[in-house]
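Participant: First, the structure itself, so that you have it in front of you.
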Amino acid sequence: MNLERPLAPEPYEMLPQVPSFTLTSPTLVDGQPMPYAQLADGDNSSPELHWSSFPAETKSFIVTCFDPDAPTPSGFWHWTIVDIDASVTSLPAGAGQSDLFLDGAAAHVKNDASTYAYYGAAPPAGDRPHRYIFAVHALDVETLDLDPQEVTPAVVAFSSLGHTLARATLTVTHQN
């Protein structure tokens with residue numbers, strides 16, 4: 001891998017700015033390396049996430065994990081969940097395994113590894129550390145009316161843009 005290639009821009013800085021709220025995890029620390037349990041060569045276990053202080057008018061959430069540093073023109077989507085009810089303010093570890101671990105109408109969208117689940121970190125060996133940006137988007141609609149079996153994470157991101165009230169992010173790194 002070419003360690004000299006330019007660092008990808010921070011993806012959410014390129015979008016219209018929205019207020020922030022709090023996203024935490026007992027296993028992920030912003031700016032620090034990702035624990036082994038969240039890696040693709042581990043058990044692909046999604047991390048436990050908690051969010052708070054989002055706008056009162058929030059009607060639903062989207063959760064994503066994106067690697068802007070993947071050696072592709074479009075990064076790599078590791079995880080996307082749509083239609084999370086506004087009453088849900090956390091996901092337990094392992095919730096990314098399948099829709100069976102999600103409440104209500106929430107559903108996984110196919111990630112860039114072609115699974116409807118969380119796909120852990122797996123940057124190319126020898127590449128510089130990659131950033132994994134976990135984001136929770138507070139939306140002003142109960143649903144984006146997208147079929148999770150038919151859309152991509154990029155379509156979800158585009159469709160949510162005009163409905164995003166606020167966004168919380170937590171960025172961790174990993175290098176093979």
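Labels for the structure tokens follow display order: chains A, B, ..., residues from 1 in each chain, ligands from 1.
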Hey, what's within 8 Å of segment 132-141 of chain A if we count only C-alpha atoms and toss same-chain stuff fewer than 6 positions away? As a JSON list (two decimals) with C-alpha atoms, in the first residue's frame, please?
Facilitator:
[["chain", "number", "residue", "atom", "x", "y", "z"],
["A", 23, "LEU", "CA", -22.10, 9.54, 21.45],
["A", 51, "TRP", "CA", -26.30, 8.63, 22.70],
["A", 54, "PHE", "CA", -30.08, 15.09, 20.90],
["A", 55, "PRO", "CA", -32.82, 17.54, 19.83],
["A", 57, "GLU", "CA", -37.93, 17.03, 18.07],
["A", 58, "THR", "CA", -35.98, 13.91, 16.96],
["A", 59, "LYS", "CA", -38.31, 11.30, 15.43],
["A", 60, "SER", "CA", -35.77, 8.61, 14.48],
["A", 61, "PHE", "CA", -32.08, 7.80, 14.23],
["A", 62, "ILE", "CA", -29.66, 6.31, 11.76],
["A", 63, "VAL", "CA", -26.43, 4.64, 12.93],
["A", 64, "THR", "CA", -23.46, 4.30, 10.58],
["A", 65, "CYS", "CA", -19.81, 3.32, 10.57],
["A", 66, "PHE", "CA", -17.68, 4.60, 7.70],
["A", 67, "ASP", "CA", -13.99, 4.28, 6.81],
["A", 68, "PRO", "CA", -13.03, 7.30, 4.68],
["A", 121, "ALA", "CA", -12.23, -3.08, 10.60],
["A", 160, "SER", "CA", -31.06, 11.70, 5.34],
["A", 163, "HIS", "CA", -33.75, 15.44, 7.57],
["A", 164, "THR", "CA", -30.70, 15.56, 9.86],
["A", 165, "LEU", "CA", -31.36, 17.68, 12.94],
["A", 166, "ALA", "CA", -28.06, 16.82, 14.63],
["A", 167, "ARG", "CA", -25.21, 14.34, 14.40],
["A", 168, "ALA", "CA", -22.90, 12.70, 16.92],
["A", 169, "THR", "CA", -19.65, 11.01, 15.91],
["A", 170, "LEU", "CA", -17.00, 8.88, 17.56],
["A", 171, "THR", "CA", -13.84, 8.12, 15.56],
["A", 172, "VAL", "CA", -11.47, 5.26, 16.28],
["A", 173, "THR", "CA", -8.50, 3.92, 14.31],
["A", 174, "HIS", "CA", -7.07, 0.59, 13.25]]
Participant: Using only C-alpha atoms, which protein or nucleic acid residues come within 10 Å of Thr152 of chain A? Drop anything in the same chain fewer than 6 positions from it, and give the result as an mmCIF file with N, CA and C atoms, in the first residue's frame.
Facilitator:
data_model
loop_
_atom_site.group_PDB
_atom_site.id
_atom_site.type_symbol
_atom_site.label_atom_id
_atom_site.label_comp_id
_atom_site.auth_asym_id
_atom_site.auth_seq_id
_atom_site.Cartn_x
_atom_site.Cartn_y
_atom_site.Cartn_z
ATOM 1 N N TRP A 77 -18.267 1.580 3.640
ATOM 2 C CA TRP A 77 -19.343 1.582 4.643
ATOM 3 C C TRP A 77 -19.329 0.246 5.373
ATOM 4 N N THR A 80 -24.732 0.314 8.560
ATOM 5 C CA THR A 80 -25.806 1.290 8.453
ATOM 6 C C THR A 80 -27.092 0.670 8.974
ATOM 7 N N VAL A 109 -28.873 -1.994 6.481
ATOM 8 C CA VAL A 109 -28.696 -1.819 5.047
ATOM 9 C C VAL A 109 -27.416 -2.574 4.689
ATOM 10 N N LYS A 110 -27.359 -3.137 3.500
ATOM 11 C CA LYS A 110 -26.179 -3.917 3.090
ATOM 12 C C LYS A 110 -24.932 -3.036 3.115
ATOM 13 N N ASN A 111 -23.900 -3.507 3.795
ATOM 14 C CA ASN A 111 -22.642 -2.767 3.871
ATOM 15 C C ASN A 111 -21.790 -3.046 2.628
ATOM 16 N N ASP A 112 -20.613 -2.476 2.561
ATOM 17 C CA ASP A 112 -19.751 -2.670 1.398
ATOM 18 C C ASP A 112 -19.087 -4.041 1.360
ATOM 19 N N SER A 114 -21.096 -6.553 1.532
ATOM 20 C CA SER A 114 -22.287 -7.263 1.022
ATOM 21 C C SER A 114 -23.022 -8.083 2.070
ATOM 22 N N LEU A 146 -37.246 4.136 2.944
ATOM 23 C CA LEU A 146 -36.320 3.428 2.068
ATOM 24 C C LEU A 146 -36.412 1.936 2.357
ATOM 25 N N PHE A 158 -27.457 10.192 1.603
ATOM 26 C CA PHE A 158 -28.009 11.255 0.765
ATOM 27 C C PHE A 158 -29.448 11.573 1.171
#
Participant: What residues in segment 43-118 of chain A get the DSSP label strand (DSSP E or B)? Please answer as a VMD selection string.
Facilitator: chain A and resid 49 to 52 60 to 67 76 to 85 90 to 91 107 to 108
Participant: Return as a list in words the full set of residues in chain A whose backbone-based DSSP assignment is helix (DSSP H, G or I).
Facilitator: Pro11, Tyr12, Glu13, Met14, Tyr36, Ala37, Gln38, Ala95, Gly96, Gln97, Asp99, Leu100, Phe101, Pro153, Ala154, Val155, Val156, Ala157, Phe158, Ser159, Ser160, Leu161, Gly162 and His163 of chain A
Participant: Tell me, counting only C-alpha atoms, for each residue of segment 2-67 of chain A within 9 Å of segment 95-103 of chain A, which pair of atoms is nearest and how far apart they are in Å to one decimal, in rows ordered by chain and increasing number, as JSON lines.
Facilitator:
{"residue": "A:Asn44", "atom": "CA", "partner": "A:Gln97", "partner_atom": "CA", "distance": 7.8}
{"residue": "A:Ser45", "atom": "CA", "partner": "A:Gly96", "partner_atom": "CA", "distance": 6.9}
{"residue": "A:Ser46", "atom": "CA", "partner": "A:Gly96", "partner_atom": "CA", "distance": 5.2}
{"residue": "A:Pro47", "atom": "CA", "partner": "A:Ala95", "partner_atom": "CA", "distance": 8.0}
{"residue": "A:Glu48", "atom": "CA", "partner": "A:Ala95", "partner_atom": "CA", "distance": 7.9}
Participant: Let me see the file: selected residues, N, CA, C and O atoms, as an mmCIF file, in the first residue's frame.
Facilitator:
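The resulting file, selection-v8.cif, is reproduced below:
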data_model
loop_
_atom_site.group_PDB
_atom_site.id
_atom_site.type_symbol
_atom_site.label_atom_id
_atom_site.label_comp_id
_atom_site.auth_asym_id
_atom_site.auth_seq_id
_atom_site.Cartn_x
_atom_site.Cartn_y
_atom_site.Cartn_z
ATOM 1 N N ASN A 44 -16.428 -9.792 14.322
ATOM 2 C CA ASN A 44 -17.325 -8.805 13.713
ATOM 3 C C ASN A 44 -18.388 -8.314 14.680
ATOM 4 O O ASN A 44 -19.508 -8.026 14.296
ATOM 5 N N SER A 45 -18.059 -8.212 15.920
ATOM 6 C CA SER A 45 -19.013 -7.774 16.932
ATOM 7 C C SER A 45 -19.086 -6.255 16.971
ATOM 8 O O SER A 45 -18.088 -5.581 17.213
ATOM 9 N N SER A 46 -20.277 -5.737 16.705
ATOM 10 C CA SER A 46 -20.451 -4.284 16.761
ATOM 11 C C SER A 46 -20.303 -3.795 18.196
ATOM 12 O O SER A 46 -20.629 -4.504 19.146
ATOM 13 N N PRO A 47 -19.810 -2.576 18.362
ATOM 14 C CA PRO A 47 -19.611 -2.056 19.713
ATOM 15 C C PRO A 47 -20.917 -1.593 20.358
ATOM 16 O O PRO A 47 -21.891 -1.285 19.669
ATOM 17 N N GLU A 48 -20.906 -1.544 21.655
ATOM 18 C CA GLU A 48 -22.011 -0.944 22.406
ATOM 19 C C GLU A 48 -21.924 0.569 22.210
ATOM 20 O O GLU A 48 -20.850 1.159 22.327
#
Participant: Just to confirm, what's the straight-line distance from atom CA of Ala70 of chain A to atom CA of Leu161 of chain A in Å (one decimal)?
Facilitator: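 Computing the Euclidean distance for atom CA of Ala70 of chain A and atom CA of Leu161 of chain A yields 22.6 Å.
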Participant: If we count only C-alpha atoms and set the cut-off at 9 Å, which residues sit around Asn176 of chain A, ignoring sequence neighbours fewer than 3 positions away in its own chain? Please answer as a list in words.
Facilitator: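 Listing them by chain and then by number gives Ala122, Pro123, Pro124, Ala125, Gly126, Asp127, Arg128 and Pro129 of chain A.
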Participant: What would the file look like if the residues just selected were written as a JSON list (two decimals), in the first residue's frame with all heavy atoms?
Facilitator:
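In the end it all went to selection-v7.json:
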[["chain", "number", "residue", "atom", "x", "y", "z"],
["A", 122, "ALA", "N", -10.90, -3.84, 8.72],
["A", 122, "ALA", "CA", -10.00, -4.74, 8.00],
["A", 122, "ALA", "C", -9.22, -3.98, 6.95],
["A", 122, "ALA", "O", -9.31, -4.27, 5.76],
["A", 122, "ALA", "CB", -10.79, -5.88, 7.37],
["A", 123, "PRO", "N", -8.42, -2.98, 7.35],
["A", 123, "PRO", "CA", -7.66, -2.23, 6.35],
["A", 123, "PRO", "C", -6.58, -3.13, 5.74],
["A", 123, "PRO", "O", -6.16, -4.11, 6.35],
["A", 123, "PRO", "CB", -7.04, -1.09, 7.15],
["A", 123, "PRO", "CG", -6.96, -1.59, 8.54],
["A", 123, "PRO", "CD", -8.14, -2.51, 8.71],
["A", 124, "PRO", "N", -6.13, -2.80, 4.53],
["A", 124, "PRO", "CA", -5.06, -3.60, 3.91],
["A", 124, "PRO", "C", -3.81, -3.62, 4.79],
["A", 124, "PRO", "O", -3.46, -2.60, 5.40],
["A", 124, "PRO", "CB", -4.78, -2.86, 2.60],
["A", 124, "PRO", "CG", -6.01, -2.06, 2.32],
["A", 124, "PRO", "CD", -6.58, -1.71, 3.67],
["A", 125, "ALA", "N", -3.15, -4.77, 4.85],
["A", 125, "ALA", "CA", -1.92, -4.90, 5.63],
["A", 125, "ALA", "C", -0.90, -3.88, 5.15],
["A", 125, "ALA", "O", -0.72, -3.67, 3.95],
["A", 125, "ALA", "CB", -1.36, -6.31, 5.50],
["A", 126, "GLY", "N", -0.27, -3.21, 6.09],
["A", 126, "GLY", "CA", 0.77, -2.25, 5.78],
["A", 126, "GLY", "C", 0.28, -0.85, 5.47],
["A", 126, "GLY", "O", 1.09, 0.07, 5.37],
["A", 127, "ASP", "N", -1.02, -0.68, 5.31],
["A", 127, "ASP", "CA", -1.55, 0.66, 5.08],
["A", 127, "ASP", "C", -1.49, 1.45, 6.38],
["A", 127, "ASP", "O", -1.42, 0.88, 7.47],
["A", 127, "ASP", "CB", -3.00, 0.57, 4.58],
["A", 127, "ASP", "CG", -3.44, 1.77, 3.75],
["A", 127, "ASP", "OD1", -2.62, 2.68, 3.53],
["A", 127, "ASP", "OD2", -4.61, 1.79, 3.32],
["A", 128, "ARG", "N", -1.52, 2.76, 6.28],
["A", 128, "ARG", "CA", -1.50, 3.59, 7.49],
["A", 128, "ARG", "C", -2.79, 3.34, 8.30],
["A", 128, "ARG", "O", -3.74, 2.74, 7.79],
["A", 128, "ARG", "CB", -1.39, 5.05, 7.12],
["A", 128, "ARG", "CG", -2.63, 5.55, 6.41],
["A", 128, "ARG", "CD", -2.63, 7.08, 6.34],
["A", 128, "ARG", "NE", -3.61, 7.50, 5.39],
["A", 128, "ARG", "CZ", -3.33, 8.00, 4.19],
["A", 128, "ARG", "NH1", -2.08, 8.16, 3.82],
["A", 128, "ARG", "NH2", -4.28, 8.34, 3.37],
["A", 129, "PRO", "N", -2.87, 3.81, 9.53],
["A", 129, "PRO", "CA", -4.10, 3.64, 10.30],
["A", 129, "PRO", "C", -5.31, 4.23, 9.57],
["A", 129, "PRO", "O", -5.22, 5.31, 9.00],
["A", 129, "PRO", "CB", -3.83, 4.40, 11.60],
["A", 129, "PRO", "CG", -2.35, 4.45, 11.71],
["A", 129, "PRO", "CD", -1.84, 4.53, 10.29]]
Participant: Suppose you want the space between atom CA of Leu39 of chain A and atom CA of Thr115 of chain A; what is it in Å?
Facilitator: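 We find that atom CA of Leu39 of chain A and atom CA of Thr115 of chain A lie 14.9 Å from each other.
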